[in-house]
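Undergrad: Here you go, this is coords35.pdb (PDB, C-alpha atoms and all ligand atoms).
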ATOM      1  CA  MET A   1     -40.549 -32.401  23.450  1.00  0.00           C
ATOM      2  CA  ARG A   2     -40.639 -35.468  21.216  1.00  0.00           C
ATOM      3  CA  ILE A   3     -43.064 -35.824  18.310  1.00  0.00           C
ATOM      4  CA  ASP A   4     -43.409 -39.034  16.297  1.00  0.00           C
ATOM      5  CA  ILE A   5     -45.198 -38.579  12.990  1.00  0.00           C
ATOM      6  CA  VAL A   6     -46.611 -41.589  11.158  1.00  0.00           C
ATOM      7  CA  SER A   7     -47.248 -41.162   7.437  1.00  0.00           C
ATOM      8  CA  VAL A   8     -47.244 -42.967   4.080  1.00  0.00           C
ATOM      9  CA  VAL A   9     -45.621 -39.949   2.407  1.00  0.00           C
ATOM     10  CA  PRO A  10     -42.841 -39.010   4.841  1.00  0.00           C
ATOM     11  CA  GLU A  11     -40.976 -37.024   2.173  1.00  0.00           C
ATOM     12  CA  ILE A  12     -43.600 -34.256   2.457  1.00  0.00           C
ATOM     13  CA  PHE A  13     -42.019 -33.184   5.751  1.00  0.00           C
ATOM     14  CA  LYS A  14     -38.577 -32.502   4.257  1.00  0.00           C
ATOM     15  CA  GLY A  15     -39.622 -29.003   3.168  1.00  0.00           C
ATOM     16  CA  PRO A  16     -41.454 -27.628   6.195  1.00  0.00           C
ATOM     17  CA  PHE A  17     -39.106 -29.255   8.712  1.00  0.00           C
ATOM     18  CA  SER A  18     -35.819 -28.225   7.134  1.00  0.00           C
ATOM     19  CA  SER A  19     -36.114 -24.472   7.451  1.00  0.00           C
ATOM     20  CA  SER A  20     -37.070 -21.665   9.751  1.00  0.00           C
ATOM     21  CA  ILE A  21     -38.679 -22.211  13.135  1.00  0.00           C
ATOM     22  CA  ILE A  22     -38.996 -26.001  13.179  1.00  0.00           C
ATOM     23  CA  GLN A  23     -35.413 -26.443  12.000  1.00  0.00           C
ATOM     24  CA  ARG A  24     -34.272 -24.085  14.750  1.00  0.00           C
ATOM     25  CA  ALA A  25     -36.274 -25.984  17.379  1.00  0.00           C
ATOM     26  CA  ILE A  26     -34.668 -29.229  16.199  1.00  0.00           C
ATOM     27  CA  ASN A  27     -31.140 -27.821  16.008  1.00  0.00           C
ATOM     28  CA  LYS A  28     -31.421 -26.384  19.506  1.00  0.00           C
ATOM     29  CA  GLY A  29     -32.557 -29.779  20.813  1.00  0.00           C
ATOM     30  CA  ILE A  30     -35.869 -28.312  21.950  1.00  0.00           C
ATOM     31  CA  MET A  31     -37.903 -30.478  19.600  1.00  0.00           C
ATOM     32  CA  ASP A  32     -37.091 -34.049  18.684  1.00  0.00           C
ATOM     33  CA  ILE A  33     -39.063 -35.065  15.600  1.00  0.00           C
ATOM     34  CA  HIS A  34     -39.145 -38.612  14.229  1.00  0.00           C
ATOM     35  CA  ILE A  35     -40.928 -39.409  10.987  1.00  0.00           C
ATOM     36  CA  HIS A  36     -42.056 -43.004  10.488  1.00  0.00           C
ATOM     37  CA  ASP A  37     -42.908 -44.414   7.086  1.00  0.00           C
ATOM     38  CA  LEU A  38     -46.059 -46.467   7.673  1.00  0.00           C
ATOM     39  CA  ARG A  39     -45.231 -48.547   4.617  1.00  0.00           C
ATOM     40  CA  LYS A  40     -42.390 -50.124   6.596  1.00  0.00           C
ATOM     41  CA  TYR A  41     -45.138 -51.832   8.592  1.00  0.00           C
ATOM     42  CA  GLY A  42     -47.187 -52.711   5.487  1.00  0.00           C
ATOM     43  CA  LEU A  43     -48.497 -56.192   4.726  1.00  0.00           C
ATOM     44  CA  GLY A  44     -46.894 -58.712   2.398  1.00  0.00           C
ATOM     45  CA  LYS A  45     -44.290 -58.234  -0.292  1.00  0.00           C
ATOM     46  CA  ARG A  46     -45.952 -55.073  -1.548  1.00  0.00           C
ATOM     47  CA  LYS A  47     -46.113 -53.543   1.942  1.00  0.00           C
ATOM     48  CA  LYS A  48     -49.808 -52.884   1.601  1.00  0.00           C
ATOM     49  CA  VAL A  49     -51.275 -50.372   4.053  1.00  0.00           C
ATOM     50  CA  ASP A  50     -54.774 -49.930   2.608  1.00  0.00           C
ATOM     51  CA  ASP A  51     -57.765 -51.950   1.412  1.00  0.00           C
ATOM     52  CA  TYR A  52     -61.308 -51.636   0.079  1.00  0.00           C
ATOM     53  CA  PRO A  53     -64.007 -50.553   2.541  1.00  0.00           C
ATOM     54  CA  TYR A  54     -66.428 -53.211   3.802  1.00  0.00           C
ATOM     55  CA  GLY A  55     -69.907 -52.401   2.582  1.00  0.00           C
ATOM     56  CA  GLY A  56     -68.642 -50.867  -0.636  1.00  0.00           C
ATOM     57  CA  GLY A  57     -68.143 -47.275  -1.631  1.00  0.00           C
ATOM     58  CA  GLY A  58     -65.224 -45.707  -3.445  1.00  0.00           C
ATOM     59  CA  GLY A  59     -61.726 -45.099  -2.155  1.00  0.00           C
ATOM     60  CA  MET A  60     -59.265 -47.022  -0.078  1.00  0.00           C
ATOM     61  CA  VAL A  61     -59.025 -47.240   3.702  1.00  0.00           C
ATOM     62  CA  PHE A  62     -55.985 -47.560   5.996  1.00  0.00           C
ATOM     63  CA  ARG A  63     -55.867 -51.073   7.449  1.00  0.00           C
ATOM     64  CA  ILE A  64     -55.385 -51.377  11.199  1.00  0.00           C
ATOM     65  CA  GLU A  65     -52.440 -53.837  11.264  1.00  0.00           C
ATOM     66  CA  PRO A  66     -49.646 -51.531   9.970  1.00  0.00           C
ATOM     67  CA  VAL A  67     -50.793 -48.676  12.238  1.00  0.00           C
ATOM     68  CA  TYR A  68     -51.069 -51.051  15.211  1.00  0.00           C
ATOM     69  CA  GLN A  69     -47.568 -52.453  14.614  1.00  0.00           C
ATOM     70  CA  CYS A  70     -46.047 -48.998  14.315  1.00  0.00           C
ATOM     71  CA  PHE A  71     -47.836 -47.651  17.421  1.00  0.00           C
ATOM     72  CA  ASP A  72     -47.006 -50.837  19.351  1.00  0.00           C
ATOM     73  CA  LYS A  73     -43.306 -50.339  18.691  1.00  0.00           C
ATOM     74  CA  LEU A  74     -43.416 -46.677  19.736  1.00  0.00           C
ATOM     75  CA  LEU A  75     -45.541 -47.369  22.830  1.00  0.00           C
ATOM     76  CA  SER A  76     -43.147 -50.125  23.922  1.00  0.00           C
ATOM     77  CA  GLU A  77     -40.345 -47.548  23.951  1.00  0.00           C
ATOM     78  CA  ARG A  78     -42.013 -44.702  25.896  1.00  0.00           C
ATOM     79  CA  ASN A  79     -45.340 -43.318  27.099  1.00  0.00           C
ATOM     80  CA  TYR A  80     -47.190 -40.844  24.936  1.00  0.00           C
ATOM     81  CA  ASP A  81     -49.325 -37.998  26.286  1.00  0.00           C
ATOM     82  CA  GLU A  82     -51.506 -37.872  23.175  1.00  0.00           C
ATOM     83  CA  LYS A  83     -51.923 -39.995  20.073  1.00  0.00           C
ATOM     84  CA  ILE A  84     -53.334 -37.552  17.561  1.00  0.00           C
ATOM     85  CA  PHE A  85     -55.049 -38.323  14.276  1.00  0.00           C
ATOM     86  CA  MET A  86     -55.184 -35.496  11.708  1.00  0.00           C
ATOM     87  CA  THR A  87     -58.610 -35.531  10.086  1.00  0.00           C
ATOM     88  CA  PRO A  88     -61.001 -32.936   8.622  1.00  0.00           C
ATOM     89  CA  ASP A  89     -63.765 -34.129  10.976  1.00  0.00           C
ATOM     90  CA  GLY A  90     -61.674 -33.707  14.137  1.00  0.00           C
ATOM     91  CA  ILE A  91     -61.914 -30.887  16.683  1.00  0.00           C
ATOM     92  CA  LEU A  92     -60.793 -27.577  15.259  1.00  0.00           C
ATOM     93  CA  PHE A  93     -57.142 -26.815  16.054  1.00  0.00           C
ATOM     94  CA  SER A  94     -56.684 -23.519  17.889  1.00  0.00           C
ATOM     95  CA  GLN A  95     -53.980 -21.447  19.529  1.00  0.00           C
ATOM     96  CA  LYS A  96     -55.507 -22.394  22.857  1.00  0.00           C
ATOM     97  CA  TYR A  97     -55.160 -26.101  22.138  1.00  0.00           C
ATOM     98  CA  ALA A  98     -51.613 -25.577  20.810  1.00  0.00           C
ATOM     99  CA  ASN A  99     -50.769 -23.938  24.153  1.00  0.00           C
ATOM    100  CA  THR A 100     -51.912 -27.038  26.028  1.00  0.00           C
ATOM    101  CA  LEU A 101     -49.845 -29.295  23.749  1.00  0.00           C
ATOM    102  CA  THR A 102     -46.644 -27.428  24.653  1.00  0.00           C
ATOM    103  CA  CYS A 103     -46.888 -28.950  28.157  1.00  0.00           C
ATOM    104  CA  LYS A 104     -46.716 -32.487  26.746  1.00  0.00           C
ATOM    105  CA  LYS A 105     -43.557 -34.550  26.594  1.00  0.00           C
ATOM    106  CA  ASN A 106     -44.270 -37.105  23.861  1.00  0.00           C
ATOM    107  CA  LEU A 107     -46.820 -36.969  21.047  1.00  0.00           C
ATOM    108  CA  ILE A 108     -47.694 -39.281  18.178  1.00  0.00           C
ATOM    109  CA  ILE A 109     -49.338 -37.734  15.119  1.00  0.00           C
ATOM    110  CA  LEU A 110     -50.947 -40.099  12.610  1.00  0.00           C
ATOM    111  CA  CYS A 111     -51.535 -38.627   9.152  1.00  0.00           C
ATOM    112  CA  GLY A 112     -54.472 -40.100   7.266  1.00  0.00           C
ATOM    113  CA  ARG A 113     -54.718 -40.502   3.466  1.00  0.00           C
ATOM    114  CA  TYR A 114     -57.191 -42.000   0.998  1.00  0.00           C
ATOM    115  CA  LYS A 115     -60.860 -42.258   1.961  1.00  0.00           C
ATOM    116  CA  GLY A 116     -60.078 -42.637   5.647  1.00  0.00           C
ATOM    117  CA  ILE A 117     -58.824 -45.074   8.252  1.00  0.00           C
ATOM    118  CA  ASP A 118     -60.392 -48.184   9.765  1.00  0.00           C
ATOM    119  CA  GLN A 119     -62.628 -47.006  12.612  1.00  0.00           C
ATOM    120  CA  ARG A 120     -60.914 -49.424  15.029  1.00  0.00           C
ATOM    121  CA  ILE A 121     -57.733 -47.317  14.772  1.00  0.00           C
ATOM    122  CA  ARG A 122     -59.732 -44.283  15.904  1.00  0.00           C
ATOM    123  CA  ASP A 123     -61.510 -46.233  18.644  1.00  0.00           C
ATOM    124  CA  HIS A 124     -58.531 -48.045  20.151  1.00  0.00           C
ATOM    125  CA  LEU A 125     -55.278 -46.308  19.200  1.00  0.00           C
ATOM    126  CA  ILE A 126     -56.067 -42.598  18.972  1.00  0.00           C
ATOM    127  CA  SER A 127     -56.653 -40.200  21.888  1.00  0.00           C
ATOM    128  CA  LYS A 128     -57.376 -36.931  19.968  1.00  0.00           C
ATOM    129  CA  GLU A 129     -58.675 -36.146  16.474  1.00  0.00           C
ATOM    130  CA  ILE A 130     -57.664 -32.758  15.124  1.00  0.00           C
ATOM    131  CA  SER A 131     -58.703 -30.731  12.094  1.00  0.00           C
ATOM    132  CA  ILE A 132     -56.883 -27.591  10.975  1.00  0.00           C
ATOM    133  CA  GLY A 133     -59.969 -26.239   9.245  1.00  0.00           C
ATOM    134  CA  PRO A 134     -63.279 -27.019   7.556  1.00  0.00           C
ATOM    135  CA  TYR A 135     -61.810 -28.177   4.243  1.00  0.00           C
ATOM    136  CA  VAL A 136     -60.449 -31.465   2.958  1.00  0.00           C
ATOM    137  CA  LEU A 137     -56.787 -31.888   1.993  1.00  0.00           C
ATOM    138  CA  SER A 138     -55.314 -35.005   0.370  1.00  0.00           C
ATOM    139  CA  GLY A 139     -53.769 -36.133   3.625  1.00  0.00           C
ATOM    140  CA  GLY A 140     -52.908 -35.201   7.183  1.00  0.00           C
ATOM    141  CA  GLU A 141     -49.252 -34.356   6.448  1.00  0.00           C
ATOM    142  CA  LEU A 142     -49.629 -30.625   5.821  1.00  0.00           C
ATOM    143  CA  PRO A 143     -52.049 -30.291   8.762  1.00  0.00           C
ATOM    144  CA  ALA A 144     -49.494 -32.128  10.948  1.00  0.00           C
ATOM    145  CA  ALA A 145     -46.803 -29.662   9.832  1.00  0.00           C
ATOM    146  CA  VAL A 146     -49.133 -26.790  10.799  1.00  0.00           C
ATOM    147  CA  VAL A 147     -49.612 -28.279  14.260  1.00  0.00           C
ATOM    148  CA  VAL A 148     -45.859 -28.876  14.741  1.00  0.00           C
ATOM    149  CA  GLU A 149     -44.958 -25.322  13.651  1.00  0.00           C
ATOM    150  CA  THR A 150     -47.610 -23.825  15.939  1.00  0.00           C
ATOM    151  CA  ILE A 151     -46.214 -25.774  18.899  1.00  0.00           C
ATOM    152  CA  ALA A 152     -42.558 -25.092  17.978  1.00  0.00           C
ATOM    153  CA  ARG A 153     -42.887 -21.330  18.121  1.00  0.00           C
ATOM    154  CA  LEU A 154     -44.418 -21.562  21.600  1.00  0.00           C
ATOM    155  CA  LEU A 155     -41.588 -23.601  23.115  1.00  0.00           C
ATOM    156  CA  PRO A 156     -39.188 -21.565  25.268  1.00  0.00           C
ATOM    157  CA  GLY A 157     -35.941 -20.789  23.451  1.00  0.00           C
ATOM    158  CA  VAL A 158     -37.206 -21.266  19.901  1.00  0.00           C
ATOM    159  CA  LEU A 159     -38.114 -17.692  18.929  1.00  0.00           C
ATOM    160  CA  HIS A 160     -35.392 -15.007  18.888  1.00  0.00           C
ATOM    161  CA  ASN A 161     -37.930 -12.520  20.187  1.00  0.00           C
ATOM    162  CA  PRO A 162     -40.474 -14.132  22.529  1.00  0.00           C
ATOM    163  CA  ASN A 163     -42.447 -10.871  22.557  1.00  0.00           C
ATOM    164  CA  SER A 164     -43.523 -11.544  18.995  1.00  0.00           C
ATOM    165  CA  MET A 165     -45.203 -14.723  20.195  1.00  0.00           C
ATOM    166  CA  ILE A 166     -47.090 -12.873  22.920  1.00  0.00           C
ATOM    167  CA  THR A 167     -48.273 -10.167  20.546  1.00  0.00           C
ATOM    168  CA  ASP A 168     -49.399 -12.606  17.833  1.00  0.00           C
ATOM    169  CA  SER A 169     -52.922 -11.739  16.929  1.00  0.00           C
ATOM    170  CA  PHE A 170     -54.363 -15.029  18.104  1.00  0.00           C
ATOM    171  CA  GLN A 171     -52.451 -14.912  21.350  1.00  0.00           C
ATOM    172  CA  MET A 172     -54.164 -11.595  22.074  1.00  0.00           C
ATOM    173  CA  GLU A 173     -57.401 -13.117  23.135  1.00  0.00           C
ATOM    174  CA  LYS A 174     -59.496  -9.993  23.458  1.00  0.00           C
ATOM    175  CA  ARG A 175     -57.949  -7.941  20.698  1.00  0.00           C
ATOM    176  CA  GLY A 176     -57.197  -8.244  17.010  1.00  0.00           C
ATOM    177  CA  ALA A 177     -53.780  -7.595  15.523  1.00  0.00           C
ATOM    178  CA  HIS A 178     -53.002  -3.891  15.120  1.00  0.00           C
ATOM    179  CA  PRO A 179     -51.692  -2.674  11.757  1.00  0.00           C
ATOM    180  CA  ILE A 180     -47.893  -2.684  11.501  1.00  0.00           C
ATOM    181  CA  TYR A 181     -45.596  -0.741   9.158  1.00  0.00           C
ATOM    182  CA  THR A 182     -41.929  -0.652   8.208  1.00  0.00           C
ATOM    183  CA  ARG A 183     -39.788   1.462   5.867  1.00  0.00           C
ATOM    184  CA  PRO A 184     -40.246   3.374   3.621  1.00  0.00           C
ATOM    185  CA  LYS A 185     -42.275   6.118   5.310  1.00  0.00           C
ATOM    186  CA  ILE A 186     -44.099   6.802   2.049  1.00  0.00           C
ATOM    187  CA  TYR A 187     -44.525   4.451  -0.918  1.00  0.00           C
ATOM    188  CA  LYS A 188     -46.439   5.565  -4.020  1.00  0.00           C
ATOM    189  CA  GLY A 189     -48.071   8.204  -1.867  1.00  0.00           C
ATOM    190  CA  TRP A 190     -49.201   5.688   0.769  1.00  0.00           C
ATOM    191  CA  ALA A 191     -47.917   6.981   4.076  1.00  0.00           C
ATOM    192  CA  VAL A 192     -47.217   5.381   7.422  1.00  0.00           C
ATOM    193  CA  PRO A 193     -49.521   6.930  10.097  1.00  0.00           C
ATOM    194  CA  LYS A 194     -47.746   9.998  11.516  1.00  0.00           C
ATOM    195  CA  ILE A 195     -48.254   8.898  15.095  1.00  0.00           C
ATOM    196  CA  LEU A 196     -45.921   5.907  14.611  1.00  0.00           C
ATOM    197  CA  LEU A 197     -43.099   8.214  13.527  1.00  0.00           C
ATOM    198  CA  SER A 198     -43.685  10.705  16.356  1.00  0.00           C
ATOM    199  CA  GLY A 199     -41.485   8.988  18.955  1.00  0.00           C
ATOM    200  CA  HIS A 200     -44.256   9.675  21.487  1.00  0.00           C
ATOM    201  CA  HIS A 201     -44.380   6.245  23.177  1.00  0.00           C
ATOM    202  CA  LYS A 202     -47.472   6.811  25.287  1.00  0.00           C
ATOM    203  CA  LYS A 203     -49.500   8.065  22.311  1.00  0.00           C
ATOM    204  CA  ILE A 204     -48.217   5.219  20.135  1.00  0.00           C
ATOM    205  CA  LYS A 205     -49.309   2.694  22.779  1.00  0.00           C
ATOM    206  CA  GLU A 206     -52.771   4.274  22.894  1.00  0.00           C
ATOM    207  CA  TRP A 207     -53.003   4.207  19.091  1.00  0.00           C
ATOM    208  CA  ILE A 208     -52.026   0.517  18.983  1.00  0.00           C
ATOM    209  CA  CYS A 209     -54.547  -0.317  21.698  1.00  0.00           C
ATOM    210  CA  GLN A 210     -57.301   1.589  19.888  1.00  0.00           C
ATOM    211  CA  LYS A 211     -56.549  -0.067  16.542  1.00  0.00           C
ATOM    212  CA  SER A 212     -56.451  -3.540  18.127  1.00  0.00           C
ATOM    213  CA  ILE A 213     -59.846  -3.051  19.742  1.00  0.00           C
ATOM    214  CA  GLN A 214     -61.238  -1.634  16.478  1.00  0.00           C
ATOM    215  CA  LYS A 215     -59.974  -4.703  14.567  1.00  0.00           C
ATOM    216  CA  LYS A 216     -61.587  -7.031  17.077  1.00  0.00           C
ATOM    217  CA  LEU A 217     -64.899  -5.165  16.849  1.00  0.00           C
ATOM    218  CA  ASP A 218     -64.770  -5.277  13.031  1.00  0.00           C
ATOM    219  CA  SER A 219     -64.093  -9.031  12.921  1.00  0.00           C
TER
HETATM  220  N1  LIG B   1     -56.706 -34.244   6.459  1.00  0.00           N
HETATM  221  C1  LIG B   1     -57.331 -33.796   5.362  1.00  0.00           C
HETATM  222  N2  LIG B   1     -57.879 -32.599   5.554  1.00  0.00           N
HETATM  223  C2  LIG B   1     -57.570 -32.254   6.841  1.00  0.00           C
HETATM  224  C3  LIG B   1     -57.859 -31.131   7.636  1.00  0.00           C
HETATM  225  N3  LIG B   1     -58.563 -30.103   7.184  1.00  0.00           N
HETATM  226  N4  LIG B   1     -57.379 -31.120   8.900  1.00  0.00           N
HETATM  227  C4  LIG B   1     -56.682 -32.180   9.381  1.00  0.00           C
HETATM  228  N5  LIG B   1     -56.398 -33.258   8.675  1.00  0.00           N
HETATM  229  C5  LIG B   1     -56.836 -33.315   7.412  1.00  0.00           C
END
I'd like the structure from this file rewritten - as structure tokens, please.
Ligand code: ADE

TA:
Amino acid sequence: MRIDIVSVVPEIFKGPFSSSIIQRAINKGIMDIHIHDLRKYGLGKRKKVDDYPYGGGGGMVFRIEPVYQCFDKLLSERNYDEKIFMTPDGILFSQKYANTLTCKKNLIILCGRYKGIDQRIRDHLISKEISIGPYVLSGGELPAAVVVETIARLLPGVLHNPNSMITDSFQMEKRGAHPIYTRPKIYKGWAVPKILLSGHHKKIKEWICQKSIQKKLDS
């Protein structure tokens, strides 16, 4: 799967993309990620990508030309299944939607900044608008990293233990996550439930099932 990310602060991705799951997906050739600095397509000597909004109001707005030029170049090289814009007023990102994205071959993700982007970008260049939650961040870069990591761990061959993906709490549609424990058996008097140490697999399975249902009912 190829993902092209368009951003004015490409350096943000160095951290999240250079370790753990995403790094593994890249190293294994399962994910091919290309980060594009929108400023390269900026206007004039100063490579301007933003301007004042028509009609007034504070804040700067992404101009359409740099985004158009960047998208035009990418679209001339291959077809894209989705051209996503990360924005707090987009549709709420979910595990279900991440699952559907894993079937795609090529994605573009545009990260917004400032007050917003010229509406014509949304109307003519973007196919999906995604929010990672009902709060406003300074830009779409961290949300884009969230989306990429969520997809990466679903792609076959990325996780060492694919079972952990299946048992993720959000993958378990009807149940919540059951409580999990590791060593030590007792810490400061807080003990691991005896049933988990019993070695009685059937009873342990029942306990896990019961706790998962309880968690779901409580949520
Ligand atoms: N950009 C700023 N805030 C965002 C959010 N919550 N989701 C997606 N993109 C954003």

Undergrad: Can you check which parts of chain A lie within 6 Å of ligand LIG 1 (chain B)? Per residue, the shortest pair of atoms and distance in Å to one decimal, counting all atoms listed in the file, sorted by chain and number, as a tab-separated table.

TA:
residue	atom	partner	partner_atom	distance
A:Met86	CA	B:LIG1	N5	4.0
A:Thr87	CA	B:LIG1	N5	3.5
A:Pro88	CA	B:LIG1	C3	3.8
A:Ile130	CA	B:LIG1	C4	5.9
A:Ser131	CA	B:LIG1	N4	3.5
A:Ile132	CA	B:LIG1	N4	4.1
A:Gly133	CA	B:LIG1	N3	4.6
A:Pro134	CA	B:LIG1	N3	5.6
A:Tyr135	CA	B:LIG1	N3	4.8
A:Val136	CA	B:LIG1	N2	3.8
A:Leu137	CA	B:LIG1	N2	3.8
A:Ser138	CA	B:LIG1	C1	5.5
A:Gly139	CA	B:LIG1	N1	4.5
A:Gly140	CA	B:LIG1	N1	4.0
A:Pro143	CA	B:LIG1	C4	5.0

Undergrad: Would you put the residues from that selection into a file with C-alpha atoms, as a PDB file, keeping the file's coordinate frame?

TA:
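Dumped to selection.pdb:
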ATOM      1  CA  MET A  86     -55.184 -35.496  11.708  1.00  0.00           C
ATOM      2  CA  THR A  87     -58.610 -35.531  10.086  1.00  0.00           C
ATOM      3  CA  PRO A  88     -61.001 -32.936   8.622  1.00  0.00           C
ATOM      4  CA  ILE A 130     -57.664 -32.758  15.124  1.00  0.00           C
ATOM      5  CA  SER A 131     -58.703 -30.731  12.094  1.00  0.00           C
ATOM      6  CA  ILE A 132     -56.883 -27.591  10.975  1.00  0.00           C
ATOM      7  CA  GLY A 133     -59.969 -26.239   9.245  1.00  0.00           C
ATOM      8  CA  PRO A 134     -63.279 -27.019   7.556  1.00  0.00           C
ATOM      9  CA  TYR A 135     -61.810 -28.177   4.243  1.00  0.00           C
ATOM     10  CA  VAL A 136     -60.449 -31.465   2.958  1.00  0.00           C
ATOM     11  CA  LEU A 137     -56.787 -31.888   1.993  1.00  0.00           C
ATOM     12  CA  SER A 138     -55.314 -35.005   0.370  1.00  0.00           C
ATOM     13  CA  GLY A 139     -53.769 -36.133   3.625  1.00  0.00           C
ATOM     14  CA  GLY A 140     -52.908 -35.201   7.183  1.00  0.00           C
ATOM     15  CA  PRO A 143     -52.049 -30.291   8.762  1.00  0.00           C
TER      16      PRO A 143
END

Undergrad: Give the answer as one residue: which of A:Leu75, A:Ala25, A:Ile109, A:Met31 has the shortest atom-to-atom distance to A:Ile126, using only C-alpha atoms?

TA: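 Answer, going by the shortest atom-to-atom distance: A:Ile109.
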
Undergrad: Go ahead and compute the interatomic distance for atom CA of A:Asn161 and atom CA of A:Asn27, in Å to one decimal.

TA: 17.3 Å

Undergrad: Tell me which protein, DNA and RNA residues are within 12 Å of A:Ala144, counting only C-alpha atoms, leaving out same-chain ones fewer than 4 positions away, and put them as a VMD selection string.

TA: chain A and resid 3 to 7 10 12 to 13 16 to 17 33 35 84 to 88 93 107 to 112 129 to 132 137 139 to 140 148 to 151

Undergrad: For a quick check of understanding, using all atoms listed in the file, which of A:Glu77, A:Pro193, A:Arg122, A:Val9 has the smallest distance to A:Gly90?

TA: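 Among A:Glu77, A:Pro193, A:Arg122, A:Val9, it is A:Arg122 that comes nearest to A:Gly90.
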
Undergrad: Write out as number ranges by chain which residues come within 9 Å of A:Ile30 when counting only C-alpha atoms, dropping same-chain ones fewer than 5 positions away.

TA: A: 1-2, 24-25, 152, 155-158

Undergrad: If the PyMOL selection byres (((chain A and resi 207) around 12) and not hetatm) were run on this exact file, what residues would it hold? Put them as a PyMOL selection string.

TA: chain A and resi 178-180+193-196+198+200-206+208-214

Undergrad: Could you state which residues are captured by the PyMOL selection byres (((chain A and resi 43-47) around 12) and not hetatm) in this file, as a JSON list (two decimals) with C-alpha atoms, keeping the file's coordinate frame?

TA:
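Wrote expr30.json, looks like this:
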[["chain", "number", "residue", "atom", "x", "y", "z"],
["A", 8, "VAL", "CA", -47.24, -42.97, 4.08],
["A", 37, "ASP", "CA", -42.91, -44.41, 7.09],
["A", 38, "LEU", "CA", -46.06, -46.47, 7.67],
["A", 39, "ARG", "CA", -45.23, -48.55, 4.62],
["A", 40, "LYS", "CA", -42.39, -50.12, 6.60],
["A", 41, "TYR", "CA", -45.14, -51.83, 8.59],
["A", 42, "GLY", "CA", -47.19, -52.71, 5.49],
["A", 48, "LYS", "CA", -49.81, -52.88, 1.60],
["A", 49, "VAL", "CA", -51.28, -50.37, 4.05],
["A", 50, "ASP", "CA", -54.77, -49.93, 2.61],
["A", 51, "ASP", "CA", -57.76, -51.95, 1.41],
["A", 62, "PHE", "CA", -55.98, -47.56, 6.00],
["A", 63, "ARG", "CA", -55.87, -51.07, 7.45],
["A", 64, "ILE", "CA", -55.38, -51.38, 11.20],
["A", 65, "GLU", "CA", -52.44, -53.84, 11.26],
["A", 66, "PRO", "CA", -49.65, -51.53, 9.97],
["A", 67, "VAL", "CA", -50.79, -48.68, 12.24],
["A", 68, "TYR", "CA", -51.07, -51.05, 15.21],
["A", 69, "GLN", "CA", -47.57, -52.45, 14.61]]

Undergrad: Work out how far apart atom CA of A:Asp118 and atom CA of A:Gly58 are and give it in Å to one decimal.

TA: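 Those two atoms sit 14.3 Å apart.
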
Undergrad: Measure the distance from atom CA of A:Pro184 to atom CA of A:Thr167 in Å and round it to one decimal.

TA: 23.1 Å

Undergrad: Quick one: everything within 10 Å of A:Arg78, counting all atoms listed in the file, minus sequence neighbours fewer than 4 positions away in the same chain. Send it as JSON, numbers by chain.

TA: {"A": [73, 74, 106]}

Undergrad: Given the selection you just returned, output its residues as a file containing C-alpha atoms, formatted as a PDB file, in the coordinates of the input.

TA:
ATOM      1  CA  LYS A  73     -43.306 -50.339  18.691  1.00  0.00           C
ATOM      2  CA  LEU A  74     -43.416 -46.677  19.736  1.00  0.00           C
ATOM      3  CA  ASN A 106     -44.270 -37.105  23.861  1.00  0.00           C
TER       4      ASN A 106
END

Undergrad: Write out as a PyMOL selection string the residues lying within 7 Å of A:Ser127, counting only C-alpha atoms and excluding same-chain residues fewer than 2 positions away.

TA: chain A and resi 82-84+125

Undergrad: Closest to A:Val146 among A:Ile22, A:Arg113, A:Asn99, A:Lys128, using all atoms listed in the file?

TA: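 The shortest atom-to-atom distance to A:Val146 comes from A:Ile22.
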
Undergrad: Which one of A:Asn79, A:Ser19, A:Gly116, A:Ala177 sits closest to A:Gly59 if you count all atoms listed in the file?

TA: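 Smallest distance to A:Gly59 is found for A:Gly116.
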
Undergrad: Give the answer as one residue: which of A:Arg153, A:Leu197, A:Ile121, A:Leu142 has the shortest atom-to-atom distance to A:Gln23, using only C-alpha atoms?

TA: A:Arg153

Undergrad: Counting only C-alpha atoms, which of A:Cys70, A:Met60, A:Met165, A:Ala145 gets nearest to A:Tyr114?

TA: A:Met60
